[in-house]
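The next block holds one structure in the form of structure tokens; read it before the comments.
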Amino acid sequence: MGKSKKIIIGTVAGVTAAAVCVSGVLVWHHHSKSSSVDGVAYVMPIRDVNSAANTVSDLQFSGVVEPQETKEIKLDTSKTVSEIAVQEGDHVNAGDPLFTYDVESMQLELQQGNVDIERMENEIASNKQQITQLESEKKNAGADDKLTYTTQIQSLQTDIAKSEYDIKTKKIELEKLQNTIDNATVKAEIAGTVQSLKTVEQLQSDGTDVLMKIMSDGEFRVKCTISEQNIQSIHQDEPMVLRSRVDDSSWKGTISEISTEADNSQNNSMMYGSSDDMTTASKYPFYVTLDSSDGLMLGQHLLVSMDDMSDDSIDKSGIWLYSDYVLTDEDGKSYVWAADKKDRLEKREVEVGQTDDTAGDCEIKSGLSEDDMIAFPSDSYQEGMKTTTNPDEATPEDDGTDDGGSVDEDVSYNEEDMPVDEGVIGGAEDETGMDSGDADTADGFSGDSADEALPDEDADTAEGGAADGT
């Protein structure tokens, strides 16, 4: 074999050895990169975060329309009612009579009181005349009798003072009595509908003095009830949507009040639910103030649920994510953090379609499927991190390390562990003068021929190694 052929064979052997070396270096870098990423990211199925498929809440309530103001009409139980002028369900205007007290006995009492006042006034006049007579006689009486006259006069003056006081007291009583007689007919203070009308017997049985309630006209609100198991799921000022039971009409409003006193009476504001405990759990009323009550009737029943605030003009289908899940890189491309086929975290490029500024979500036209798993973005995320569907296994965001370690022992390498094919690399070291640590020389290979594979400055070395090997 000629010398030139030996040089060529040596060169080819060197190229082959270098190529294998490069492959080993790349594999090693790949495994090192994967194994050097610490932390575990929590990922969720797309179906759990798809805002097009999920509703804000599965809770639905039954509500009844009632007025914003309810006026309680109380009865003076010390008096007798002679007539009730309304029936339950009647509509009344302000000033309309509701019921009338029996004033016959009051009028007799008033007359008797006036007689008593007149009697006391006559007694005062008589006592004053007696005092005048006694003072006149006292002037002509002897010294021993004057003390007797003085005592009689003082006694009469005391009687006059007492009678004057009794007259004042009686006049005050009669004024109140007269006022009661004048206002014996109780009138409505507001326009509205009569509700909860009770008989006197029912008042005595219930131990209350509320004879009836007047539900005001005008703006309405909706009363609902919620179980004690779900009361934490609603909040004051939360938007609600209310729908008719008979057609497609709907109204919007906000929760204006959540009562802390249980209302366990059977009413029309029962909550729908599947729990067996729902029938025995305490229920608490809450009230929804309407943005507009146009088209509603007092006492009308509605279906009430939480309002997701979405733009009704957008027909949402496919995958929609809240905008916080979608990030933009320096090139203006949109991406999400997703789990790859090996359950490692990756930046997944996605195509964004329509956006709903009201609801704060956007359409994902491509890049994700319903079977994918994604993570809520975090500054600590790196590509190659392990992923988990158990939130307890995830690395806390304020801790950049995973206490259990995240290095995959199956793929971690150090310099001594680099793949080596002794039959090739070893021979190449003898013939070419290169070993696996000669990274700079290995990186220089790019072509298929010896001339292309070796940099100019290493050509002599390769030839020399090949020549020596022969």
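Identifiers in the structure tokens: chain A, B, ... in order shown; residue index from 1 per chain; ligand index from 1 in order shown.
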Mind checking DSSP for range 150-337 of chain A and telling me the strand (DSSP E or B) residues as a PyMOL selection string? chain A and resi 185-187+192-195+210-216+220-227+239-244+250-258+271-272+283-290+301-306+319-322+327-328+334-337
Could those residues be written to a file, using C-alpha atoms, as a PDB file, in the first residue's frame?
```pdb
ATOM      1  CA  THR A 185    -108.241  55.035  60.707  1.00  0.00           C
ATOM      2  CA  VAL A 186    -104.677  53.893  59.955  1.00  0.00           C
ATOM      3  CA  LYS A 187    -103.623  54.835  56.423  1.00  0.00           C
ATOM      4  CA  GLY A 192     -97.775  49.070  47.279  1.00  0.00           C
ATOM      5  CA  THR A 193     -99.366  45.676  47.727  1.00  0.00           C
ATOM      6  CA  VAL A 194    -100.810  44.270  50.951  1.00  0.00           C
ATOM      7  CA  GLN A 195     -99.010  41.144  52.102  1.00  0.00           C
ATOM      8  CA  VAL A 210     -97.376  43.279  62.846  1.00  0.00           C
ATOM      9  CA  LEU A 211    -100.882  43.200  61.380  1.00  0.00           C
ATOM     10  CA  MET A 212     -99.793  43.413  57.725  1.00  0.00           C
ATOM     11  CA  LYS A 213     -96.958  44.397  55.362  1.00  0.00           C
ATOM     12  CA  ILE A 214     -97.029  46.792  52.426  1.00  0.00           C
ATOM     13  CA  MET A 215     -94.622  45.907  49.625  1.00  0.00           C
ATOM     14  CA  SER A 216     -93.753  49.109  47.814  1.00  0.00           C
ATOM     15  CA  PHE A 220     -87.718  45.586  42.505  1.00  0.00           C
ATOM     16  CA  ARG A 221     -85.118  43.293  43.991  1.00  0.00           C
ATOM     17  CA  VAL A 222     -84.921  39.490  43.973  1.00  0.00           C
ATOM     18  CA  LYS A 223     -84.775  37.401  47.108  1.00  0.00           C
ATOM     19  CA  CYS A 224     -82.941  34.050  46.983  1.00  0.00           C
ATOM     20  CA  THR A 225     -81.697  31.603  49.597  1.00  0.00           C
ATOM     21  CA  ILE A 226     -78.457  29.646  49.726  1.00  0.00           C
ATOM     22  CA  SER A 227     -77.433  26.608  51.746  1.00  0.00           C
ATOM     23  CA  PRO A 239     -72.671  40.122  39.327  1.00  0.00           C
ATOM     24  CA  MET A 240     -75.663  37.842  38.773  1.00  0.00           C
ATOM     25  CA  VAL A 241     -77.850  36.984  35.812  1.00  0.00           C
ATOM     26  CA  LEU A 242     -81.580  36.306  36.234  1.00  0.00           C
ATOM     27  CA  ARG A 243     -83.634  34.397  33.679  1.00  0.00           C
ATOM     28  CA  SER A 244     -87.350  33.987  33.138  1.00  0.00           C
ATOM     29  CA  SER A 250     -83.085  37.874  31.224  1.00  0.00           C
ATOM     30  CA  TRP A 251     -81.975  40.607  33.597  1.00  0.00           C
ATOM     31  CA  LYS A 252     -78.718  41.469  35.322  1.00  0.00           C
ATOM     32  CA  GLY A 253     -77.967  42.670  38.828  1.00  0.00           C
ATOM     33  CA  THR A 254     -75.570  42.409  41.755  1.00  0.00           C
ATOM     34  CA  ILE A 255     -75.768  40.855  45.192  1.00  0.00           C
ATOM     35  CA  SER A 256     -76.612  43.745  47.517  1.00  0.00           C
ATOM     36  CA  GLU A 257     -77.085  41.886  50.799  1.00  0.00           C
ATOM     37  CA  ILE A 258     -76.256  38.481  52.294  1.00  0.00           C
ATOM     38  CA  MET A 271     -81.656  26.292  45.894  1.00  0.00           C
ATOM     39  CA  TYR A 272     -81.185  23.578  43.332  1.00  0.00           C
ATOM     40  CA  LYS A 283     -80.621  28.386  54.381  1.00  0.00           C
ATOM     41  CA  TYR A 284     -79.688  32.042  54.369  1.00  0.00           C
ATOM     42  CA  PRO A 285     -81.437  34.717  52.293  1.00  0.00           C
ATOM     43  CA  PHE A 286     -79.515  36.986  49.956  1.00  0.00           C
ATOM     44  CA  TYR A 287     -80.798  39.780  47.743  1.00  0.00           C
ATOM     45  CA  VAL A 288     -80.005  40.792  44.177  1.00  0.00           C
ATOM     46  CA  THR A 289     -80.512  44.439  43.186  1.00  0.00           C
ATOM     47  CA  LEU A 290     -81.518  44.690  39.536  1.00  0.00           C
ATOM     48  CA  HIS A 301     -90.169  33.610  40.026  1.00  0.00           C
ATOM     49  CA  LEU A 302     -86.770  33.635  38.294  1.00  0.00           C
ATOM     50  CA  LEU A 303     -83.771  31.377  37.841  1.00  0.00           C
ATOM     51  CA  VAL A 304     -80.674  33.078  39.260  1.00  0.00           C
ATOM     52  CA  SER A 305     -77.021  32.213  38.627  1.00  0.00           C
ATOM     53  CA  MET A 306     -73.614  33.888  38.686  1.00  0.00           C
ATOM     54  CA  ILE A 319     -60.372  26.198  23.455  1.00  0.00           C
ATOM     55  CA  TRP A 320     -60.463  29.545  25.270  1.00  0.00           C
ATOM     56  CA  LEU A 321     -57.926  30.444  27.948  1.00  0.00           C
ATOM     57  CA  TYR A 322     -57.789  33.362  30.326  1.00  0.00           C
ATOM     58  CA  LEU A 327     -47.373  34.933  27.121  1.00  0.00           C
ATOM     59  CA  THR A 328     -45.556  36.751  24.315  1.00  0.00           C
ATOM     60  CA  SER A 334     -47.592  33.746  21.685  1.00  0.00           C
ATOM     61  CA  TYR A 335     -46.855  30.698  23.791  1.00  0.00           C
ATOM     62  CA  VAL A 336     -47.985  28.793  26.870  1.00  0.00           C
ATOM     63  CA  TRP A 337     -46.140  26.577  29.306  1.00  0.00           C
TER      64      TRP A 337
END
```
Closest to Glu261 in chain A among A:Asp392, A:Ser282, A:Leu108, A:Asp206, using only C-alpha atoms? A:Ser282
Could you check which of A:Asn390, A:Ser233, A:Ser105, A:Thr158 is closest to Tyr42 in chain A, using only C-alpha atoms?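 Ranked by minimum distance to Tyr42 in chain A, first place goes to A:Asn390.
What separates CA of Asp217 in chain A from CA of Val92 in chain A is a distance of 9.7 Å.
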Restricting the calculation to only C-alpha atoms: of A:Glu189, A:Asp76, A:Glu164, A:Asp116, which residue gets closest to Leu98 in chain A?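 Smallest separation from Leu98 in chain A among the options: A:Glu189.
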Rounded to one decimal, what separation in Å do you get between CA of Ser126 in chain A and CA of Ile172 in chain A? 24.0 Å
Can you check which residues of range 60-200 of chain A DSSP gives as alpha helix (DSSP H) on the backbone and send them as a PyMOL selection string? chain A and resi 104-140+143-182+200
Distance of CA of Lys71 in chain A from CA of Ser292 in chain A, expressed in Å to one decimal place: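 Taking CA of Ser292 in chain A and CA of Lys71 in chain A, their separation equals 22.4 Å.
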